[in-house]
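Below: data.pdb (PDB, C-alpha atoms, pLDDT in the B column)
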```pdb
ATOM      1  CA  MET U  84     -16.146 -29.861  67.259  1.00 64.00           C
ATOM      2  CA  MET U  85     -15.650 -28.591  70.774  1.00 69.00           C
ATOM      3  CA  CYS U  86     -12.888 -31.034  71.688  1.00 75.00           C
ATOM      4  CA  THR U  87     -11.150 -33.956  70.016  1.00 75.00           C
ATOM      5  CA  TRP U  88      -8.360 -36.340  70.934  1.00 80.00           C
ATOM      6  CA  PRO U  89      -6.083 -37.106  67.980  1.00 83.00           C
ATOM      7  CA  ASP U  90      -4.857 -40.151  69.867  1.00 84.00           C
ATOM      8  CA  ALA U  91      -8.059 -41.957  70.907  1.00 80.00           C
ATOM      9  CA  GLU U  92      -6.145 -44.062  73.416  1.00 85.00           C
ATOM     10  CA  ASN U  93      -5.458 -40.936  75.490  1.00 84.00           C
ATOM     11  CA  MET U  94      -9.103 -39.854  75.633  1.00 82.00           C
ATOM     12  CA  PRO U  95     -10.318 -39.778  79.246  1.00 83.00           C
ATOM     13  CA  ALA U  96     -12.819 -42.437  80.295  1.00 82.00           C
ATOM     14  CA  ILE U  97     -15.285 -39.635  81.026  1.00 79.00           C
ATOM     15  CA  PRO U  98     -14.512 -36.831  78.545  1.00 76.00           C
ATOM     16  CA  LEU U  99     -15.839 -33.293  78.644  1.00 72.00           C
ATOM     17  CA  PRO U 100     -19.642 -33.072  78.364  1.00 68.00           C
ATOM     18  CA  TYR U 101     -20.748 -32.637  74.753  1.00 64.00           C
ATOM     19  CA  ASN U 102     -17.125 -33.009  73.590  1.00 68.00           C
ATOM     20  CA  CYS U 103     -18.158 -34.447  70.226  1.00 68.00           C
ATOM     21  CA  GLU U 104     -20.804 -31.848  69.486  1.00 69.00           C
ATOM     22  CA  THR U 105     -20.585 -28.875  67.188  1.00 74.00           C
ATOM     23  CA  MET U 106     -21.843 -25.442  68.107  1.00 81.00           C
ATOM     24  CA  HIS U 107     -24.385 -25.063  65.324  1.00 84.00           C
ATOM     25  CA  GLY U 108     -25.759 -21.823  66.788  1.00 87.00           C
ATOM     26  CA  PHE U 109     -22.515 -20.285  65.583  1.00 88.00           C
ATOM     27  CA  GLU U 110     -22.773 -22.207  62.317  1.00 92.00           C
ATOM     28  CA  TRP U 111     -26.254 -20.760  61.639  1.00 93.00           C
ATOM     29  CA  THR U 112     -24.887 -17.261  62.282  1.00 94.00           C
ATOM     30  CA  PHE U 113     -21.955 -17.942  59.965  1.00 96.00           C
ATOM     31  CA  ALA U 114     -24.298 -19.183  57.213  1.00 96.00           C
ATOM     32  CA  ALA U 115     -26.489 -16.077  57.557  1.00 96.00           C
ATOM     33  CA  HIS U 116     -23.402 -13.877  57.288  1.00 97.00           C
ATOM     34  CA  LEU U 117     -22.284 -15.754  54.166  1.00 97.00           C
ATOM     35  CA  LEU U 118     -25.706 -15.101  52.585  1.00 96.00           C
ATOM     36  CA  ARG U 119     -25.542 -11.393  53.473  1.00 95.00           C
ATOM     37  CA  GLU U 120     -22.118 -11.173  51.838  1.00 96.00           C
ATOM     38  CA  GLY U 121     -23.261 -12.894  48.629  1.00 95.00           C
ATOM     39  CA  PHE U 122     -21.804 -16.372  49.212  1.00 97.00           C
ATOM     40  CA  LYS U 123     -25.027 -18.297  48.623  1.00 96.00           C
ATOM     41  CA  ALA U 124     -23.460 -21.641  47.608  1.00 97.00           C
ATOM     42  CA  GLU U 125     -21.155 -21.646  50.629  1.00 98.00           C
ATOM     43  CA  ALA U 126     -23.999 -20.682  52.975  1.00 97.00           C
ATOM     44  CA  GLU U 127     -26.204 -23.455  51.646  1.00 97.00           C
ATOM     45  CA  GLU U 128     -23.375 -25.960  52.106  1.00 98.00           C
ATOM     46  CA  VAL U 129     -23.172 -24.975  55.803  1.00 96.00           C
ATOM     47  CA  ILE U 130     -26.968 -25.200  56.116  1.00 95.00           C
ATOM     48  CA  ARG U 131     -27.033 -28.676  54.530  1.00 96.00           C
ATOM     49  CA  SER U 132     -24.307 -29.792  56.925  1.00 92.00           C
ATOM     50  CA  ILE U 133     -26.296 -28.686  59.982  1.00 90.00           C
ATOM     51  CA  VAL U 134     -29.592 -30.100  58.744  1.00 91.00           C
ATOM     52  CA  SER U 135     -28.007 -33.442  57.848  1.00 92.00           C
ATOM     53  CA  ARG U 136     -27.022 -33.932  61.500  1.00 87.00           C
ATOM     54  CA  TYR U 137     -30.681 -33.619  62.523  1.00 86.00           C
ATOM     55  CA  ASP U 138     -32.530 -35.339  59.700  1.00 87.00           C
ATOM     56  CA  GLY U 139     -34.723 -37.559  61.879  1.00 89.00           C
ATOM     57  CA  SER U 140     -32.847 -40.768  61.137  1.00 90.00           C
ATOM     58  CA  ASN U 141     -29.940 -39.915  63.398  1.00 84.00           C
ATOM     59  CA  ARG U 142     -31.235 -37.123  65.658  1.00 83.00           C
ATOM     60  CA  ASN U 143     -34.405 -35.251  66.491  1.00 83.00           C
ATOM     61  CA  PRO U 144     -34.972 -32.567  63.810  1.00 82.00           C
ATOM     62  CA  TYR U 145     -36.875 -30.435  66.351  1.00 81.00           C
ATOM     63  CA  ASN U 146     -34.150 -30.199  68.996  1.00 80.00           C
ATOM     64  CA  GLU U 147     -30.670 -29.176  67.935  1.00 80.00           C
ATOM     65  CA  ILE U 148     -28.625 -30.092  70.975  1.00 77.00           C
ATOM     66  CA  GLU U 149     -25.937 -27.600  71.857  1.00 74.00           C
ATOM     67  CA  CYS U 150     -24.583 -27.444  75.406  1.00 66.00           C
ATOM     68  CA  GLY U 151     -27.733 -29.268  76.464  1.00 66.00           C
ATOM     69  CA  SER U 152     -31.209 -30.011  75.249  1.00 70.00           C
ATOM     70  CA  ASN U 153     -33.351 -27.159  73.874  1.00 68.00           C
ATOM     71  CA  TYR U 154     -30.478 -24.665  73.972  1.00 72.00           C
ATOM     72  CA  ALA U 155     -31.412 -21.159  72.812  1.00 74.00           C
ATOM     73  CA  ARG U 156     -28.400 -20.520  70.569  1.00 77.00           C
ATOM     74  CA  SER U 157     -29.940 -22.900  68.016  1.00 77.00           C
ATOM     75  CA  MET U 158     -32.558 -20.214  67.445  1.00 82.00           C
ATOM     76  CA  ALA U 159     -29.851 -18.386  65.475  1.00 86.00           C
ATOM     77  CA  SER U 160     -31.272 -20.371  62.553  1.00 88.00           C
ATOM     78  CA  TYR U 161     -33.919 -17.621  62.325  1.00 90.00           C
ATOM     79  CA  GLY U 162     -31.165 -15.365  60.969  1.00 93.00           C
ATOM     80  CA  ILE U 163     -31.193 -17.439  57.781  1.00 95.00           C
ATOM     81  CA  LEU U 164     -34.732 -16.257  57.039  1.00 93.00           C
ATOM     82  CA  CYS U 165     -33.728 -12.611  57.487  1.00 94.00           C
ATOM     83  CA  ALA U 166     -30.600 -13.130  55.375  1.00 96.00           C
ATOM     84  CA  TYR U 167     -32.529 -14.736  52.488  1.00 95.00           C
ATOM     85  CA  ALA U 168     -34.949 -11.793  52.586  1.00 95.00           C
ATOM     86  CA  GLY U 169     -32.120  -9.266  52.814  1.00 96.00           C
ATOM     87  CA  PHE U 170     -34.279  -7.810  55.583  1.00 97.00           C
ATOM     88  CA  SER U 171     -33.168  -4.624  57.323  1.00 96.00           C
ATOM     89  CA  PHE U 172     -35.005  -2.149  59.502  1.00 96.00           C
ATOM     90  CA  ASP U 173     -34.789   0.860  61.756  1.00 96.00           C
ATOM     91  CA  ALA U 174     -38.060   0.897  63.675  1.00 94.00           C
ATOM     92  CA  GLY U 175     -37.356   4.269  65.282  1.00 94.00           C
ATOM     93  CA  GLU U 176     -36.838   5.914  61.892  1.00 96.00           C
ATOM     94  CA  GLY U 177     -39.668   4.009  60.177  1.00 96.00           C
ATOM     95  CA  ARG U 178     -37.390   2.211  57.707  1.00 97.00           C
ATOM     96  CA  LEU U 179     -37.763  -1.231  56.143  1.00 97.00           C
ATOM     97  CA  GLY U 180     -35.528  -2.816  53.552  1.00 97.00           C
ATOM     98  CA  PHE U 181     -35.479  -5.967  51.436  1.00 97.00           C
ATOM     99  CA  ALA U 182     -32.728  -7.248  49.144  1.00 95.00           C
ATOM    100  CA  PRO U 183     -33.661 -10.902  48.694  1.00 95.00           C
ATOM    101  CA  VAL U 184     -31.349 -13.687  47.624  1.00 93.00           C
ATOM    102  CA  GLY U 185     -32.842 -14.932  44.365  1.00 85.00           C
ATOM    103  CA  GLU U 186     -35.153 -13.313  41.844  1.00 81.00           C
ATOM    104  CA  ASP U 187     -38.616 -14.646  42.669  1.00 91.00           C
ATOM    105  CA  VAL U 188     -39.213 -14.765  46.402  1.00 94.00           C
ATOM    106  CA  SER U 189     -42.083 -14.944  48.845  1.00 96.00           C
ATOM    107  CA  ILE U 190     -40.868 -14.734  52.411  1.00 95.00           C
ATOM    108  CA  PRO U 191     -42.317 -13.855  55.824  1.00 96.00           C
ATOM    109  CA  TRP U 192     -40.971 -10.888  57.777  1.00 95.00           C
ATOM    110  CA  THR U 193     -41.448  -9.773  61.361  1.00 94.00           C
ATOM    111  CA  LEU U 194     -40.637  -6.609  63.247  1.00 92.00           C
ATOM    112  CA  GLY U 195     -41.725  -6.275  66.853  1.00 88.00           C
ATOM    113  CA  ASP U 196     -45.495  -6.404  66.771  1.00 90.00           C
ATOM    114  CA  VAL U 197     -45.932  -6.192  62.991  1.00 96.00           C
ATOM    115  CA  TRP U 198     -45.471  -9.012  60.494  1.00 97.00           C
ATOM    116  CA  GLY U 199     -46.395 -10.042  56.996  1.00 97.00           C
ATOM    117  CA  ILE U 200     -45.214 -11.429  53.673  1.00 98.00           C
ATOM    118  CA  PHE U 201     -42.780  -9.855  51.226  1.00 98.00           C
ATOM    119  CA  GLU U 202     -42.864 -10.941  47.586  1.00 97.00           C
ATOM    120  CA  GLN U 203     -40.619  -9.881  44.751  1.00 97.00           C
ATOM    121  CA  LYS U 204     -40.523 -10.872  41.102  1.00 95.00           C
ATOM    122  CA  HIS U 205     -37.820  -9.070  39.144  1.00 90.00           C
ATOM    123  CA  THR U 206     -38.655  -5.355  39.593  1.00 91.00           C
ATOM    124  CA  LYS U 207     -42.088  -5.739  41.181  1.00 96.00           C
ATOM    125  CA  ALA U 208     -42.479  -6.069  44.924  1.00 97.00           C
ATOM    126  CA  LYS U 209     -45.425  -6.530  47.250  1.00 98.00           C
ATOM    127  CA  LEU U 210     -45.397  -5.988  51.005  1.00 98.00           C
ATOM    128  CA  GLN U 211     -48.422  -7.456  52.782  1.00 98.00           C
ATOM    129  CA  VAL U 212     -49.130  -6.862  56.461  1.00 98.00           C
ATOM    130  CA  ARG U 213     -50.835  -9.727  58.264  1.00 98.00           C
ATOM    131  CA  GLY U 214     -50.852  -8.223  61.763  1.00 98.00           C
ATOM    132  CA  GLY U 215     -49.762  -5.229  63.814  1.00 97.00           C
ATOM    133  CA  THR U 216     -49.061  -1.649  62.746  1.00 97.00           C
ATOM    134  CA  PHE U 217     -45.997   0.248  61.541  1.00 96.00           C
ATOM    135  CA  ASN U 218     -45.516   3.845  60.371  1.00 96.00           C
ATOM    136  CA  LEU U 219     -43.413   3.390  57.230  1.00 97.00           C
ATOM    137  CA  LYS U 220     -41.354   6.398  56.165  1.00 97.00           C
ATOM    138  CA  GLU U 221     -38.760   4.753  53.924  1.00 97.00           C
ATOM    139  CA  LEU U 222     -38.543   1.479  52.031  1.00 97.00           C
ATOM    140  CA  THR U 223     -35.299   0.245  50.471  1.00 97.00           C
ATOM    141  CA  LEU U 224     -35.308  -2.389  47.734  1.00 97.00           C
ATOM    142  CA  ASP U 225     -32.715  -3.916  45.428  1.00 94.00           C
ATOM    143  CA  PHE U 226     -34.186  -2.237  42.342  1.00 95.00           C
ATOM    144  CA  SER U 227     -35.151   1.325  41.404  1.00 93.00           C
ATOM    145  CA  PRO U 228     -38.925   1.704  41.760  1.00 93.00           C
ATOM    146  CA  ALA U 229     -41.009   4.189  39.791  1.00 91.00           C
ATOM    147  CA  GLU U 230     -44.566   3.770  41.137  1.00 93.00           C
ATOM    148  CA  VAL U 231     -46.180   2.874  44.451  1.00 96.00           C
ATOM    149  CA  ASN U 232     -49.656   1.525  45.077  1.00 97.00           C
ATOM    150  CA  PHE U 233     -51.044   1.349  48.617  1.00 97.00           C
ATOM    151  CA  ASN U 234     -54.213  -0.703  49.219  1.00 97.00           C
ATOM    152  CA  GLY U 235     -55.212  -0.409  45.557  1.00 95.00           C
ATOM    153  CA  ASN U 236     -54.535   3.342  45.223  1.00 95.00           C
ATOM    154  CA  MET U 237     -51.563   5.149  43.753  1.00 93.00           C
ATOM    155  CA  VAL U 238     -49.785   7.193  46.420  1.00 92.00           C
ATOM    156  CA  SER U 239     -47.357  10.044  46.142  1.00 87.00           C
ATOM    157  CA  ALA U 240     -43.945   8.863  47.167  1.00 93.00           C
ATOM    158  CA  GLU U 241     -40.480  10.039  46.331  1.00 95.00           C
ATOM    159  CA  CYS U 242     -38.573   7.339  44.474  1.00 94.00           C
ATOM    160  CA  SER U 243     -34.817   7.816  44.341  1.00 91.00           C
ATOM    161  CA  ASP U 244     -32.343   5.104  43.367  1.00 91.00           C
ATOM    162  CA  ASN U 245     -33.507   2.026  45.274  1.00 95.00           C
ATOM    163  CA  ARG U 246     -35.430   3.922  47.952  1.00 96.00           C
ATOM    164  CA  VAL U 247     -39.035   4.983  48.358  1.00 97.00           C
ATOM    165  CA  PHE U 248     -39.697   7.893  50.725  1.00 97.00           C
ATOM    166  CA  PHE U 249     -43.151   8.526  52.180  1.00 96.00           C
ATOM    167  CA  PRO U 250     -43.371  12.137  53.422  1.00 92.00           C
ATOM    168  CA  GLY U 251     -45.194  11.962  56.748  1.00 90.00           C
ATOM    169  CA  GLY U 252     -45.203   8.167  56.515  1.00 95.00           C
ATOM    170  CA  ILE U 253     -47.947   5.681  55.748  1.00 96.00           C
ATOM    171  CA  VAL U 254     -49.499   3.458  58.372  1.00 96.00           C
ATOM    172  CA  LEU U 255     -49.130  -0.204  57.580  1.00 97.00           C
ATOM    173  CA  GLU U 256     -51.685  -2.283  59.465  1.00 97.00           C
ATOM    174  CA  SER U 257     -53.224  -5.704  59.268  1.00 97.00           C
ATOM    175  CA  GLY U 258     -54.603  -6.171  55.756  1.00 97.00           C
ATOM    176  CA  SER U 259     -52.459  -3.431  54.192  1.00 97.00           C
ATOM    177  CA  ARG U 260     -50.853  -4.104  50.836  1.00 98.00           C
ATOM    178  CA  LEU U 261     -48.041  -2.036  49.368  1.00 97.00           C
ATOM    179  CA  GLU U 262     -47.080  -2.695  45.746  1.00 97.00           C
ATOM    180  CA  ILE U 263     -43.938  -1.209  44.248  1.00 96.00           C
ATOM    181  CA  PHE U 264     -42.914  -1.375  40.593  1.00 94.00           C
TER     182      PHE U 264
END
```
Could you take the file, read its structure, and then write that structure out as structure tokens?
Amino acid sequence: MMCTWPDAENMPAIPLPYNCETMHGFEWTFAAHLLREGFKAEAEEVIRSIVSRYDGSNRNPYNEIECGSNYARSMASYGILCAYAGFSFDAGEGRLGFAPVGEDVSIPWTLGDVWGIFEQKHTKAKLQVRGGTFNLKELTLDFSPAEVNFNGNMVSAECSDNRVFFPGGIVLESGSRLEIF
């Protein structure tokens, strides 16, 4: 809470604006950080707490009020998606990485003007591109891959530990499918 009065009798007649509100933009960021650090249960407790305040019966679930209506910090909730995917990138170096929370996942990913779906089941992963282009040089996963298939064809890639290196890179574009196992 931004501000409370332990002795309600001393609360001003007109208190600070939004005095009884929480700053859930920070809470979303905290929850994402908890996920990234491996504290899934704690992160999901924070998420449930935020969502319960905006469940439709008590507040609008499409407008998390923080310092005013339609405040941008609430968009920090997007970080939860990236944290669940374990998504990392370095666009300049052509690197993508995924270390999802959970074993069987299907999750969207975005990077600038390229986006798609990442799926992983145990030690098999699939990266689908739905739009845009990206020159991929290195892919990091949370398992050690042995083979790579790009658009239905085996490709030569250097697999080392949990990384796949593509000498010269491969161009991911709309409709591309990269399978790693």
| field | Residues selected by the PyMOL selection byres ((chain U and resi 233) around 10), written as a VMD selection string | value | chain U and resid 209 to 210 231 to 232 234 to 239 253 255 259 to 263
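Counting from CA of Ser135 (chain U), the distance to CA of Phe122 (chain U) is 20.1 Å.
Of note, CA of Gly258 (chain U) and CA of Thr216 (chain U) are spaced 10.0 Å apart.
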| task | Could you give me, as a PyMOL selection string, the residues within 12 Å of Glu127 (chain U), counting all atoms listed in the file and dropping anything in the same chain fewer than 3 positions from it? | result | chain U and resi 110-111+113-118+121-124+130-135+163+166-167+184
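Of note, CA of Arg178 (chain U) and CA of Thr193 (chain U) are spaced 13.2 Å apart.
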| field | Explicit residues for the PyMOL selection byres ((chain U and resi 227) around 9) (as number ranges by chain) | value | U: 206, 224-226, 228-229, 242-247, 264
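Counting all atoms listed in the file, the residue from U:Gly169, U:Met106, U:Asp90, U:Tyr154 that sits nearest to Arg119 (chain U) is U:Gly169.
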Given 3 Å of margin on each side, can you work out the centre and size in Å (one decimal) of an axis-aligned box holding every listed atom of region 163-167 of chain U, as AutoDock Vina command-line options?
```
--center_x -32.7 --center_y -15.0 --center_z 55.1 --size_x 10.1 --size_y 10.8 --size_z 11.3
```
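The protein and nucleic acid residues lying at most 10 Å from Leu164 (chain U) are Ala115, Ala159, Gly169, Phe170, Pro183, Ile190, Pro191 and Trp192 of chain U, with all atoms listed in the file considered and sequence neighbours fewer than 5 positions away removed.
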| Counting all atoms listed in the file, the option among U:Ser160, U:Glu176, U:His107, U:Lys220 closest to Arg136 (chain U) | U:His107
